[in-house]
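So this one's start_13.cif, mmCIF, N, CA and C atoms:
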```cif
data_run
#
loop_
_atom_site.group_PDB
_atom_site.id
_atom_site.type_symbol
_atom_site.label_atom_id
_atom_site.label_comp_id
_atom_site.auth_asym_id
_atom_site.auth_seq_id
_atom_site.Cartn_x
_atom_site.Cartn_y
_atom_site.Cartn_z
ATOM 1 N N PHE A 23 -29.814 -36.957 28.808
ATOM 2 C CA PHE A 23 -30.728 -36.028 29.456
ATOM 3 C C PHE A 23 -30.196 -34.609 29.350
ATOM 4 N N LEU A 24 -31.067 -33.648 29.552
ATOM 5 C CA LEU A 24 -30.689 -32.242 29.429
ATOM 6 C C LEU A 24 -30.528 -31.620 30.803
ATOM 7 N N VAL A 25 -29.525 -30.790 30.928
ATOM 8 C CA VAL A 25 -29.292 -30.066 32.176
ATOM 9 C C VAL A 25 -29.579 -28.591 31.915
ATOM 10 N N PRO A 26 -30.532 -28.006 32.659
ATOM 11 C CA PRO A 26 -30.796 -26.567 32.440
ATOM 12 C C PRO A 26 -29.608 -25.723 32.887
ATOM 13 N N ILE A 27 -29.294 -24.753 32.073
ATOM 14 C CA ILE A 27 -28.189 -23.841 32.383
ATOM 15 C C ILE A 27 -28.751 -22.429 32.453
ATOM 16 N N LEU A 28 -28.466 -21.785 33.548
ATOM 17 C CA LEU A 28 -28.905 -20.400 33.707
ATOM 18 C C LEU A 28 -27.932 -19.491 32.972
ATOM 19 N N VAL A 29 -28.437 -18.744 32.035
ATOM 20 C CA VAL A 29 -27.604 -17.829 31.270
ATOM 21 C C VAL A 29 -28.016 -16.401 31.647
ATOM 22 N N LEU A 30 -27.090 -15.673 32.220
ATOM 23 C CA LEU A 30 -27.365 -14.289 32.590
ATOM 24 C C LEU A 30 -27.129 -13.386 31.394
ATOM 25 N N PRO A 31 -27.983 -12.407 31.203
ATOM 26 C CA PRO A 31 -27.762 -11.488 30.084
ATOM 27 C C PRO A 31 -26.484 -10.687 30.286
ATOM 28 N N THR A 32 -25.819 -10.400 29.187
ATOM 29 C CA THR A 32 -24.615 -9.589 29.280
ATOM 30 C C THR A 32 -25.011 -8.131 29.448
ATOM 31 N N ALA A 33 -24.165 -7.394 30.166
ATOM 32 C CA ALA A 33 -24.445 -5.974 30.399
ATOM 33 C C ALA A 33 -23.149 -5.240 30.667
ATOM 34 N N GLY A 34 -23.093 -4.021 30.147
ATOM 35 C CA GLY A 34 -21.947 -3.165 30.430
ATOM 36 C C GLY A 34 -21.948 -2.742 31.890
ATOM 37 N N PRO A 35 -20.844 -2.171 32.351
ATOM 38 C CA PRO A 35 -20.724 -1.753 33.749
ATOM 39 C C PRO A 35 -21.756 -0.686 34.113
ATOM 40 N N ARG A 36 -22.264 -0.777 35.333
ATOM 41 C CA ARG A 36 -23.197 0.218 35.862
ATOM 42 C C ARG A 36 -22.796 0.575 37.284
ATOM 43 N N MET A 37 -22.823 1.879 37.570
ATOM 44 C CA MET A 37 -22.615 2.381 38.926
ATOM 45 C C MET A 37 -23.683 3.446 39.160
ATOM 46 N N ASP A 38 -24.262 3.472 40.369
ATOM 47 C CA ASP A 38 -25.264 4.481 40.679
ATOM 48 C C ASP A 38 -25.038 4.989 42.106
ATOM 49 N N ASP A 39 -25.937 5.853 42.580
ATOM 50 C CA ASP A 39 -25.765 6.427 43.915
ATOM 51 C C ASP A 39 -25.766 5.368 45.008
ATOM 52 N N GLY A 40 -26.455 4.256 44.769
ATOM 53 C CA GLY A 40 -26.497 3.190 45.769
ATOM 54 C C GLY A 40 -25.204 2.396 45.819
ATOM 55 N N SER A 41 -24.634 2.102 44.660
ATOM 56 C CA SER A 41 -23.419 1.283 44.623
ATOM 57 C C SER A 41 -22.150 2.113 44.746
ATOM 58 N N CYS A 42 -22.257 3.400 44.468
ATOM 59 C CA CYS A 42 -21.075 4.266 44.462
ATOM 60 C C CYS A 42 -21.516 5.679 44.863
ATOM 61 N N PRO A 43 -21.778 5.897 46.170
ATOM 62 C CA PRO A 43 -22.295 7.200 46.614
ATOM 63 C C PRO A 43 -21.362 8.353 46.220
ATOM 64 N N PRO A 44 -21.906 9.428 45.624
ATOM 65 C CA PRO A 44 -21.069 10.523 45.138
ATOM 66 C C PRO A 44 -20.501 11.412 46.239
ATOM 67 N N HIS A 45 -21.077 11.351 47.443
ATOM 68 C CA HIS A 45 -20.572 12.141 48.578
ATOM 69 C C HIS A 45 -20.402 11.205 49.761
ATOM 70 N N GLN A 46 -19.172 11.155 50.300
ATOM 71 C CA GLN A 46 -18.898 10.279 51.426
ATOM 72 C C GLN A 46 -18.206 11.085 52.519
ATOM 73 N N ASN A 47 -18.626 10.865 53.761
ATOM 74 C CA ASN A 47 -18.065 11.567 54.910
ATOM 75 C C ASN A 47 -17.206 10.609 55.726
ATOM 76 N N TRP A 48 -15.959 11.003 55.931
ATOM 77 C CA TRP A 48 -15.026 10.206 56.719
ATOM 78 C C TRP A 48 -14.599 11.011 57.934
ATOM 79 N N THR A 49 -14.131 10.313 58.972
ATOM 80 C CA THR A 49 -13.644 10.963 60.186
ATOM 81 C C THR A 49 -12.147 10.711 60.322
ATOM 82 N N GLU A 50 -11.399 11.777 60.499
ATOM 83 C CA GLU A 50 -9.950 11.678 60.664
ATOM 84 C C GLU A 50 -9.631 10.743 61.823
ATOM 85 N N GLY A 51 -8.665 9.852 61.603
ATOM 86 C CA GLY A 51 -8.227 8.927 62.641
ATOM 87 C C GLY A 51 -9.002 7.620 62.672
ATOM 88 N N GLN A 52 -10.111 7.541 61.953
ATOM 89 C CA GLN A 52 -10.907 6.309 61.903
ATOM 90 C C GLN A 52 -10.526 5.496 60.669
ATOM 91 N N ASP A 53 -10.820 4.218 60.706
ATOM 92 C CA ASP A 53 -10.660 3.391 59.511
ATOM 93 C C ASP A 53 -11.903 3.576 58.642
ATOM 94 N N GLU A 54 -11.711 3.984 57.407
ATOM 95 C CA GLU A 54 -12.819 4.210 56.480
ATOM 96 C C GLU A 54 -12.536 3.469 55.179
ATOM 97 N N THR A 55 -13.594 3.275 54.411
ATOM 98 C CA THR A 55 -13.515 2.553 53.144
ATOM 99 C C THR A 55 -14.149 3.389 52.040
ATOM 100 N N LEU A 56 -13.471 3.504 50.907
ATOM 101 C CA LEU A 56 -14.078 4.142 49.742
ATOM 102 C C LEU A 56 -15.148 3.183 49.232
ATOM 103 N N ARG A 57 -16.405 3.592 49.387
ATOM 104 C CA ARG A 57 -17.528 2.724 49.021
ATOM 105 C C ARG A 57 -17.866 2.919 47.543
ATOM 106 N N CYS A 58 -17.540 1.916 46.761
ATOM 107 C CA CYS A 58 -17.872 1.946 45.344
ATOM 108 C C CYS A 58 -17.743 0.541 44.789
ATOM 109 N N TRP A 59 -18.777 0.116 44.070
ATOM 110 C CA TRP A 59 -18.704 -1.146 43.340
ATOM 111 C C TRP A 59 -19.568 -1.010 42.098
ATOM 112 N N ALA A 60 -19.287 -1.876 41.149
ATOM 113 C CA ALA A 60 -19.979 -1.796 39.860
ATOM 114 C C ALA A 60 -20.640 -3.130 39.549
ATOM 115 N N ARG A 61 -21.762 -3.039 38.846
ATOM 116 C CA ARG A 61 -22.468 -4.229 38.371
ATOM 117 C C ARG A 61 -22.216 -4.371 36.873
ATOM 118 N N GLY A 62 -22.359 -5.575 36.395
ATOM 119 C CA GLY A 62 -22.233 -5.845 34.965
ATOM 120 C C GLY A 62 -22.001 -7.327 34.750
ATOM 121 N N ASN A 63 -22.146 -7.762 33.521
ATOM 122 C CA ASN A 63 -21.886 -9.147 33.184
ATOM 123 C C ASN A 63 -21.211 -9.186 31.817
ATOM 124 N N PRO A 64 -19.952 -9.579 31.743
ATOM 125 C CA PRO A 64 -19.156 -10.118 32.847
ATOM 126 C C PRO A 64 -18.849 -9.062 33.906
ATOM 127 N N PRO A 65 -18.531 -9.511 35.153
ATOM 128 C CA PRO A 65 -18.250 -8.556 36.225
ATOM 129 C C PRO A 65 -17.135 -7.585 35.822
ATOM 130 N N PRO A 66 -17.385 -6.293 36.005
ATOM 131 C CA PRO A 66 -16.377 -5.305 35.599
ATOM 132 C C PRO A 66 -15.207 -5.224 36.572
ATOM 133 N N GLN A 67 -14.099 -4.765 36.024
ATOM 134 C CA GLN A 67 -12.925 -4.457 36.841
ATOM 135 C C GLN A 67 -13.060 -3.011 37.276
ATOM 136 N N LEU A 68 -12.874 -2.747 38.584
ATOM 137 C CA LEU A 68 -13.029 -1.403 39.127
ATOM 138 C C LEU A 68 -11.681 -0.854 39.554
ATOM 139 N N GLU A 69 -11.381 0.355 39.092
ATOM 140 C CA GLU A 69 -10.160 1.046 39.498
ATOM 141 C C GLU A 69 -10.532 2.446 39.942
ATOM 142 N N CYS A 70 -10.040 2.838 41.122
ATOM 143 C CA CYS A 70 -10.276 4.187 41.636
ATOM 144 C C CYS A 70 -8.935 4.868 41.870
ATOM 145 N N ALA A 71 -8.954 6.206 41.782
ATOM 146 C CA ALA A 71 -7.718 6.974 41.977
ATOM 147 C C ALA A 71 -8.062 8.359 42.513
ATOM 148 N N LYS A 72 -7.113 8.933 43.232
ATOM 149 C CA LYS A 72 -7.200 10.322 43.686
ATOM 150 C C LYS A 72 -5.931 11.017 43.222
ATOM 151 N N ASP A 73 -6.089 12.113 42.520
ATOM 152 C CA ASP A 73 -4.939 12.853 41.986
ATOM 153 C C ASP A 73 -4.004 11.953 41.184
ATOM 154 N N GLY A 74 -4.599 11.007 40.441
ATOM 155 C CA GLY A 74 -3.808 10.127 39.594
ATOM 156 C C GLY A 74 -3.164 8.954 40.309
ATOM 157 N N GLU A 75 -3.280 8.887 41.635
ATOM 158 C CA GLU A 75 -2.690 7.794 42.407
ATOM 159 C C GLU A 75 -3.761 6.750 42.694
ATOM 160 N N PRO A 76 -3.481 5.478 42.390
ATOM 161 C CA PRO A 76 -4.480 4.430 42.651
ATOM 162 C C PRO A 76 -4.905 4.409 44.123
ATOM 163 N N PHE A 77 -6.197 4.207 44.331
ATOM 164 C CA PHE A 77 -6.759 4.128 45.679
ATOM 165 C C PHE A 77 -7.852 3.059 45.631
ATOM 166 N N PRO A 78 -7.566 1.865 46.173
ATOM 167 C CA PRO A 78 -8.525 0.771 46.029
ATOM 168 C C PRO A 78 -9.817 1.007 46.808
ATOM 169 N N ALA A 79 -10.937 0.714 46.173
ATOM 170 C CA ALA A 79 -12.238 0.787 46.839
ATOM 171 C C ALA A 79 -12.425 -0.472 47.677
ATOM 172 N N GLY A 80 -13.169 -0.336 48.769
ATOM 173 C CA GLY A 80 -13.495 -1.484 49.592
ATOM 174 C C GLY A 80 -12.412 -1.933 50.549
ATOM 175 N N VAL A 81 -11.318 -1.182 50.642
ATOM 176 C CA VAL A 81 -10.212 -1.542 51.527
ATOM 177 C C VAL A 81 -10.157 -0.539 52.679
ATOM 178 N N PRO A 82 -10.423 -0.990 53.925
ATOM 179 C CA PRO A 82 -10.366 -0.054 55.058
ATOM 180 C C PRO A 82 -8.946 0.470 55.265
ATOM 181 N N ARG A 83 -8.854 1.774 55.585
ATOM 182 C CA ARG A 83 -7.542 2.365 55.884
ATOM 183 C C ARG A 83 -7.731 3.540 56.819
ATOM 184 N N PRO A 84 -6.722 3.831 57.650
ATOM 185 C CA PRO A 84 -6.837 4.959 58.575
ATOM 186 C C PRO A 84 -6.855 6.277 57.804
ATOM 187 N N VAL A 85 -7.773 7.161 58.185
ATOM 188 C CA VAL A 85 -8.000 8.406 57.455
ATOM 189 C C VAL A 85 -7.154 9.542 58.013
ATOM 190 N N THR A 86 -6.561 10.301 57.091
ATOM 191 C CA THR A 86 -5.882 11.553 57.435
ATOM 192 C C THR A 86 -6.555 12.675 56.640
ATOM 193 N N ARG A 87 -6.202 13.887 56.959
ATOM 194 C CA ARG A 87 -6.774 15.033 56.245
ATOM 195 C C ARG A 87 -6.455 14.995 54.757
ATOM 196 N N ALA A 88 -5.351 14.355 54.396
ATOM 197 C CA ALA A 88 -4.942 14.278 52.985
ATOM 198 C C ALA A 88 -5.918 13.459 52.144
ATOM 199 N N HIS A 89 -6.788 12.677 52.788
ATOM 200 C CA HIS A 89 -7.747 11.871 52.032
ATOM 201 C C HIS A 89 -8.921 12.683 51.506
ATOM 202 N N ALA A 90 -9.097 13.910 51.983
ATOM 203 C CA ALA A 90 -10.205 14.757 51.498
ATOM 204 C C ALA A 90 -9.978 15.088 50.024
ATOM 205 N N GLY A 91 -11.049 15.073 49.248
ATOM 206 C CA GLY A 91 -10.932 15.448 47.844
ATOM 207 C C GLY A 91 -11.816 14.602 46.945
ATOM 208 N N THR A 92 -11.496 14.627 45.660
ATOM 209 C CA THR A 92 -12.303 13.933 44.659
ATOM 210 C C THR A 92 -11.585 12.677 44.178
ATOM 211 N N TYR A 93 -12.310 11.584 44.207
ATOM 212 C CA TYR A 93 -11.824 10.301 43.720
ATOM 213 C C TYR A 93 -12.571 9.982 42.429
ATOM 214 N N ARG A 94 -11.876 9.378 41.477
ATOM 215 C CA ARG A 94 -12.501 8.992 40.228
ATOM 216 C C ARG A 94 -12.423 7.466 40.109
ATOM 217 N N CYS A 95 -13.581 6.856 39.917
ATOM 218 C CA CYS A 95 -13.646 5.403 39.775
ATOM 219 C C CYS A 95 -14.104 5.052 38.369
ATOM 220 N N ARG A 96 -13.494 4.013 37.832
ATOM 221 C CA ARG A 96 -13.775 3.591 36.460
ATOM 222 C C ARG A 96 -13.969 2.076 36.457
ATOM 223 N N ALA A 97 -15.118 1.644 35.953
ATOM 224 C CA ALA A 97 -15.420 0.219 35.843
ATOM 225 C C ALA A 97 -15.412 -0.162 34.367
ATOM 226 N N THR A 98 -14.743 -1.274 34.060
ATOM 227 C CA THR A 98 -14.596 -1.683 32.662
ATOM 228 C C THR A 98 -14.858 -3.180 32.515
ATOM 229 N N ASN A 99 -15.604 -3.533 31.483
ATOM 230 C CA ASN A 99 -15.692 -4.925 31.041
ATOM 231 C C ASN A 99 -15.721 -4.902 29.512
ATOM 232 N N PRO A 100 -15.741 -6.056 28.851
ATOM 233 C CA PRO A 100 -15.676 -6.038 27.373
ATOM 234 C C PRO A 100 -16.821 -5.268 26.710
ATOM 235 N N LEU A 101 -17.900 -4.986 27.440
ATOM 236 C CA LEU A 101 -19.042 -4.308 26.840
ATOM 237 C C LEU A 101 -19.046 -2.800 27.059
ATOM 238 N N GLY A 102 -18.059 -2.293 27.791
ATOM 239 C CA GLY A 102 -18.029 -0.846 27.964
ATOM 240 C C GLY A 102 -17.344 -0.396 29.233
ATOM 241 N N THR A 103 -17.545 0.900 29.510
ATOM 242 C CA THR A 103 -16.911 1.557 30.649
ATOM 243 C C THR A 103 -17.912 2.482 31.322
ATOM 244 N N ALA A 104 -17.855 2.548 32.638
ATOM 245 C CA ALA A 104 -18.644 3.511 33.406
ATOM 246 C C ALA A 104 -17.689 4.264 34.319
ATOM 247 N N GLN A 105 -17.938 5.563 34.506
ATOM 248 C CA GLN A 105 -17.080 6.374 35.364
ATOM 249 C C GLN A 105 -17.929 7.095 36.391
ATOM 250 N N ARG A 106 -17.322 7.364 37.545
ATOM 251 C CA ARG A 106 -18.029 8.025 38.639
ATOM 252 C C ARG A 106 -17.029 8.837 39.444
ATOM 253 N N SER A 107 -17.442 10.031 39.849
ATOM 254 C CA SER A 107 -16.620 10.860 40.739
ATOM 255 C C SER A 107 -17.226 10.815 42.138
ATOM 256 N N ILE A 108 -16.362 10.722 43.134
ATOM 257 C CA ILE A 108 -16.785 10.667 44.529
ATOM 258 C C ILE A 108 -16.054 11.769 45.290
ATOM 259 N N THR A 109 -16.811 12.602 46.001
ATOM 260 C CA THR A 109 -16.212 13.628 46.850
ATOM 261 C C THR A 109 -16.177 13.110 48.285
ATOM 262 N N VAL A 110 -14.984 13.067 48.847
ATOM 263 C CA VAL A 110 -14.816 12.631 50.233
ATOM 264 C C VAL A 110 -14.535 13.859 51.089
ATOM 265 N N VAL A 111 -15.354 14.016 52.133
ATOM 266 C CA VAL A 111 -15.169 15.087 53.109
ATOM 267 C C VAL A 111 -14.610 14.444 54.368
ATOM 268 N N VAL A 112 -13.504 14.991 54.888
ATOM 269 C CA VAL A 112 -12.899 14.460 56.110
ATOM 270 C C VAL A 112 -13.228 15.391 57.262
ATOM 271 N N HIS A 113 -13.922 14.851 58.240
ATOM 272 C CA HIS A 113 -14.234 15.597 59.461
ATOM 273 C C HIS A 113 -13.043 15.455 60.397
ATOM 274 N N CYS A 114 -12.491 16.589 60.818
ATOM 275 C CA CYS A 114 -11.298 16.590 61.648
ATOM 276 C C CYS A 114 -11.628 16.079 63.045
ATOM 277 N N GLU A 115 -10.773 15.191 63.539
ATOM 278 C CA GLU A 115 -10.996 14.595 64.843
ATOM 279 C C GLU A 115 -10.771 15.616 65.952
ATOM 280 N N TRP A 116 -9.772 16.461 65.785
ATOM 281 C CA TRP A 116 -9.441 17.455 66.812
ATOM 282 C C TRP A 116 -9.727 18.852 66.286
ATOM 283 N N GLY A 117 -10.361 19.636 67.056
ATOM 284 C CA GLY A 117 -10.644 21.011 66.646
ATOM 285 C C GLY A 117 -11.852 21.076 65.750
ATOM 286 N N ARG A 118 -12.145 22.268 65.300
ATOM 287 C CA ARG A 118 -13.298 22.457 64.426
ATOM 288 C C ARG A 118 -12.873 22.368 62.981
ATOM 289 N N GLY A 119 -13.850 22.138 62.145
ATOM 290 C CA GLY A 119 -13.564 22.236 60.717
ATOM 291 C C GLY A 119 -13.831 20.952 59.966
ATOM 292 N N VAL A 120 -14.029 21.154 58.709
ATOM 293 C CA VAL A 120 -14.268 20.058 57.783
ATOM 294 C C VAL A 120 -13.393 20.333 56.574
ATOM 295 N N LEU A 121 -12.689 19.309 56.130
ATOM 296 C CA LEU A 121 -11.851 19.445 54.937
ATOM 297 C C LEU A 121 -12.546 18.821 53.748
ATOM 298 N N GLY A 122 -12.291 19.383 52.599
ATOM 299 C CA GLY A 122 -12.854 18.845 51.369
ATOM 300 C C GLY A 122 -13.943 19.723 50.801
ATOM 301 N N ARG A 123 -14.291 20.786 51.500
ATOM 302 C CA ARG A 123 -15.296 21.735 50.996
ATOM 303 C C ARG A 123 -14.645 23.111 50.870
ATOM 304 N N GLY A 124 -14.152 23.378 49.732
ATOM 305 C CA GLY A 124 -13.565 24.698 49.473
ATOM 306 C C GLY A 124 -12.388 25.026 50.358
ATOM 307 N N GLY A 125 -11.623 24.012 50.786
ATOM 308 C CA GLY A 125 -10.410 24.273 51.543
ATOM 309 C C GLY A 125 -10.551 23.989 53.009
ATOM 310 N N GLY A 126 -11.720 24.172 53.620
ATOM 311 C CA GLY A 126 -11.897 23.861 55.022
ATOM 312 C C GLY A 126 -11.104 24.773 55.922
ATOM 313 N N SER A 127 -10.906 24.309 57.131
ATOM 314 C CA SER A 127 -10.105 25.067 58.087
ATOM 315 C C SER A 127 -9.167 24.180 58.829
#
```

Since I need it in another form, could you write the structure as structure tokens?
Amino acid sequence: FLVPILVLPTAGPRMDDGSCPPHQNWTEGQDETLRCWARGNPPPQLECAKDGEPFPAGVPRPVTRAHAGTYRCRATNPLGTAQRSITVVVHCEWGRGVLGRGGGS
């Protein structure tokens, strides 16, 4: 007898505003997550970094002012590569000001 097998079409990595928002707002002192994921078949490997230092997406961590800035995420599978830049703005818990926009205060 025959068993039907679902075959998914192959596709290179894809990231868009829904899966990897280009602007993210975090609050100093809170646990935040770099929101970014990629679609593709086979499933792509996702690597993100800030200033050349690896920074895993999807992992909650306590936020400091040093987290403000631009993160670069790269998704790769055998069919290609997709890249995305994410700007993270950190809202300071104490005092006024926002970091990540032209230096902040």

Please evaluate the PyMOL selection byres (((chain A and resi 85 and name CA) around 6) and name CA) against the displayed coordinates and give the resulting residues as a ChimeraX atom specification. /A:50-52,84,86

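Closest approach to Thr109 of chain A from the set A:Gly74, A:Pro65, A:Pro82, A:Pro43 is made by A:Pro43, with distances taken over only C-alpha atoms.
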
Quick one: 5 Å padding each side, axis-aligned, all listed atoms of segment 53-70 of chain A - centre and edge lengths in Å to one decimal, as AutoDock Vina command-line options?
```
--center_x -15.7 --center_y -2.6 --center_z 46.2 --size_x 23.5 --size_y 25.0 --size_z 39.0
```

Here is a test: counting only C-alpha atoms, which residue of A:Pro100, A:Gly80, A:Gln105, A:Cys58 is nearest to Ala33 of chain A?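 Using only C-alpha atoms, Ala33 of chain A sits closest to A:Pro100.
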
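Between atom CA of Gln46 of chain A and atom CA of Pro66 of chain A the interatomic distance comes to 22.4 Å.
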
Just asking: which residues within segment 26-115 of chain A are strand (DSSP E or B) according to DSSP, as a ChimeraX atom specification? /A:33-36,45-49,53-54,61-63,67-72,75-76,83-84,91-99,102-113

Atom-to-atom span, atom C of Thr49 of chain A and atom CA of Pro78 of chain A, Å: 17.8 Å

With distances taken over all atoms listed in the file, which residue among A:Thr32, A:Thr92, A:Ser41, A:Asn47 lies nearest Asn63 of chain A?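 When distances to Asn63 of chain A are compared using all atoms listed in the file, the smallest one comes from A:Thr32.
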
Give me the residues within 8 Å of Arg94 of chain A as a list in words, counting only N, CA and C atoms and dropping any in the same chain fewer than 5 places off.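 Returned residues: Glu69, Cys70, Ala71, Lys72, Asp73, Gly74, Gln105, Arg106, Ser107, Ile108 and Thr109 of chain A.
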
Selected residue of minimal separation from Val112 of chain A among A:Glu75, A:Trp48, A:Pro64, A:Glu54, counting all atoms listed in the file: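 When distances to Val112 of chain A are compared using all atoms listed in the file, the smallest one comes from A:Trp48.
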
Which residue of A:Ala90, A:Cys95, A:Cys42, A:Leu68 approaches Val110 of chain A most closely, using all atoms listed in the file: A:Ala90

Taking only N, CA and C atoms into account, name the residue in A:Ala88, A:Pro76, A:Thr55, A:Gly62 that is nearest to Arg36 of chain A.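 Of all the options, A:Gly62 lies closest to Arg36 of chain A.
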
Which distance in Å separates atom CA of Ala97 of chain A and atom CA of Val81 of chain A, to one decimal? 16.6 Å

Complete the atoms of segment 59-67 of chain A to all heavy atoms and put them out as a PDB file, in the frame of the given file.
```pdb
ATOM      1  N   TRP A  59     -18.777   0.116  44.070  1.00  0.00           N
ATOM      2  CA  TRP A  59     -18.704  -1.146  43.340  1.00  0.00           C
ATOM      3  C   TRP A  59     -19.568  -1.010  42.098  1.00  0.00           C
ATOM      4  O   TRP A  59     -20.423  -0.148  42.017  1.00  0.00           O
ATOM      5  CB  TRP A  59     -19.085  -2.334  44.215  1.00  0.00           C
ATOM      6  CG  TRP A  59     -20.450  -2.295  44.819  1.00  0.00           C
ATOM      7  CD1 TRP A  59     -20.812  -1.649  45.967  1.00  0.00           C
ATOM      8  CD2 TRP A  59     -21.635  -2.886  44.317  1.00  0.00           C
ATOM      9  NE1 TRP A  59     -22.145  -1.819  46.200  1.00  0.00           N
ATOM     10  CE2 TRP A  59     -22.684  -2.583  45.208  1.00  0.00           C
ATOM     11  CE3 TRP A  59     -21.928  -3.656  43.191  1.00  0.00           C
ATOM     12  CZ2 TRP A  59     -23.994  -3.005  45.010  1.00  0.00           C
ATOM     13  CZ3 TRP A  59     -23.239  -4.080  42.998  1.00  0.00           C
ATOM     14  CH2 TRP A  59     -24.243  -3.763  43.910  1.00  0.00           C
ATOM     15  N   ALA A  60     -19.287  -1.876  41.149  1.00  0.00           N
ATOM     16  CA  ALA A  60     -19.979  -1.796  39.860  1.00  0.00           C
ATOM     17  C   ALA A  60     -20.640  -3.130  39.549  1.00  0.00           C
ATOM     18  O   ALA A  60     -20.149  -4.189  39.939  1.00  0.00           O
ATOM     19  CB  ALA A  60     -18.984  -1.445  38.759  1.00  0.00           C
ATOM     20  N   ARG A  61     -21.762  -3.039  38.846  1.00  0.00           N
ATOM     21  CA  ARG A  61     -22.468  -4.229  38.371  1.00  0.00           C
ATOM     22  C   ARG A  61     -22.216  -4.371  36.873  1.00  0.00           C
ATOM     23  O   ARG A  61     -21.972  -3.392  36.185  1.00  0.00           O
ATOM     24  CB  ARG A  61     -23.967  -4.085  38.623  1.00  0.00           C
ATOM     25  CG  ARG A  61     -24.341  -4.104  40.087  1.00  0.00           C
ATOM     26  CD  ARG A  61     -25.848  -4.049  40.252  1.00  0.00           C
ATOM     27  NE  ARG A  61     -26.406  -2.791  39.754  1.00  0.00           N
ATOM     28  CZ  ARG A  61     -26.636  -1.728  40.507  1.00  0.00           C
ATOM     29  NH1 ARG A  61     -26.332  -1.739  41.782  1.00  0.00           N
ATOM     30  NH2 ARG A  61     -27.154  -0.634  39.979  1.00  0.00           N
ATOM     31  N   GLY A  62     -22.359  -5.575  36.395  1.00  0.00           N
ATOM     32  CA  GLY A  62     -22.233  -5.845  34.965  1.00  0.00           C
ATOM     33  C   GLY A  62     -22.001  -7.327  34.750  1.00  0.00           C
ATOM     34  O   GLY A  62     -21.712  -8.069  35.682  1.00  0.00           O
ATOM     35  N   ASN A  63     -22.146  -7.762  33.521  1.00  0.00           N
ATOM     36  CA  ASN A  63     -21.886  -9.147  33.184  1.00  0.00           C
ATOM     37  C   ASN A  63     -21.211  -9.186  31.817  1.00  0.00           C
ATOM     38  O   ASN A  63     -21.844  -8.804  30.834  1.00  0.00           O
ATOM     39  CB  ASN A  63     -23.187  -9.956  33.163  1.00  0.00           C
ATOM     40  CG  ASN A  63     -22.921 -11.433  32.993  1.00  0.00           C
ATOM     41  OD1 ASN A  63     -21.881 -11.921  33.417  1.00  0.00           O
ATOM     42  ND2 ASN A  63     -23.843 -12.143  32.353  1.00  0.00           N
ATOM     43  N   PRO A  64     -19.952  -9.579  31.743  1.00  0.00           N
ATOM     44  CA  PRO A  64     -19.156 -10.118  32.847  1.00  0.00           C
ATOM     45  C   PRO A  64     -18.849  -9.062  33.906  1.00  0.00           C
ATOM     46  O   PRO A  64     -18.893  -7.858  33.630  1.00  0.00           O
ATOM     47  CB  PRO A  64     -17.884 -10.619  32.170  1.00  0.00           C
ATOM     48  CG  PRO A  64     -17.803  -9.883  30.868  1.00  0.00           C
ATOM     49  CD  PRO A  64     -19.213  -9.550  30.477  1.00  0.00           C
ATOM     50  N   PRO A  65     -18.531  -9.511  35.153  1.00  0.00           N
ATOM     51  CA  PRO A  65     -18.250  -8.556  36.225  1.00  0.00           C
ATOM     52  C   PRO A  65     -17.135  -7.585  35.822  1.00  0.00           C
ATOM     53  O   PRO A  65     -16.090  -8.000  35.323  1.00  0.00           O
ATOM     54  CB  PRO A  65     -17.788  -9.446  37.388  1.00  0.00           C
ATOM     55  CG  PRO A  65     -18.413 -10.784  37.110  1.00  0.00           C
ATOM     56  CD  PRO A  65     -18.425 -10.898  35.599  1.00  0.00           C
ATOM     57  N   PRO A  66     -17.385  -6.293  36.005  1.00  0.00           N
ATOM     58  CA  PRO A  66     -16.377  -5.305  35.599  1.00  0.00           C
ATOM     59  C   PRO A  66     -15.207  -5.224  36.572  1.00  0.00           C
ATOM     60  O   PRO A  66     -15.324  -5.571  37.742  1.00  0.00           O
ATOM     61  CB  PRO A  66     -17.153  -3.983  35.590  1.00  0.00           C
ATOM     62  CG  PRO A  66     -18.387  -4.228  36.373  1.00  0.00           C
ATOM     63  CD  PRO A  66     -18.635  -5.687  36.437  1.00  0.00           C
ATOM     64  N   GLN A  67     -14.099  -4.765  36.024  1.00  0.00           N
ATOM     65  CA  GLN A  67     -12.925  -4.457  36.841  1.00  0.00           C
ATOM     66  C   GLN A  67     -13.060  -3.011  37.276  1.00  0.00           C
ATOM     67  O   GLN A  67     -13.323  -2.126  36.460  1.00  0.00           O
ATOM     68  CB  GLN A  67     -11.642  -4.652  36.044  1.00  0.00           C
ATOM     69  CG  GLN A  67     -10.399  -4.313  36.824  1.00  0.00           C
ATOM     70  CD  GLN A  67      -9.130  -4.583  36.027  1.00  0.00           C
ATOM     71  OE1 GLN A  67      -9.162  -5.175  34.962  1.00  0.00           O
ATOM     72  NE2 GLN A  67      -8.012  -4.128  36.555  1.00  0.00           N
TER      73      GLN A  67
END
```
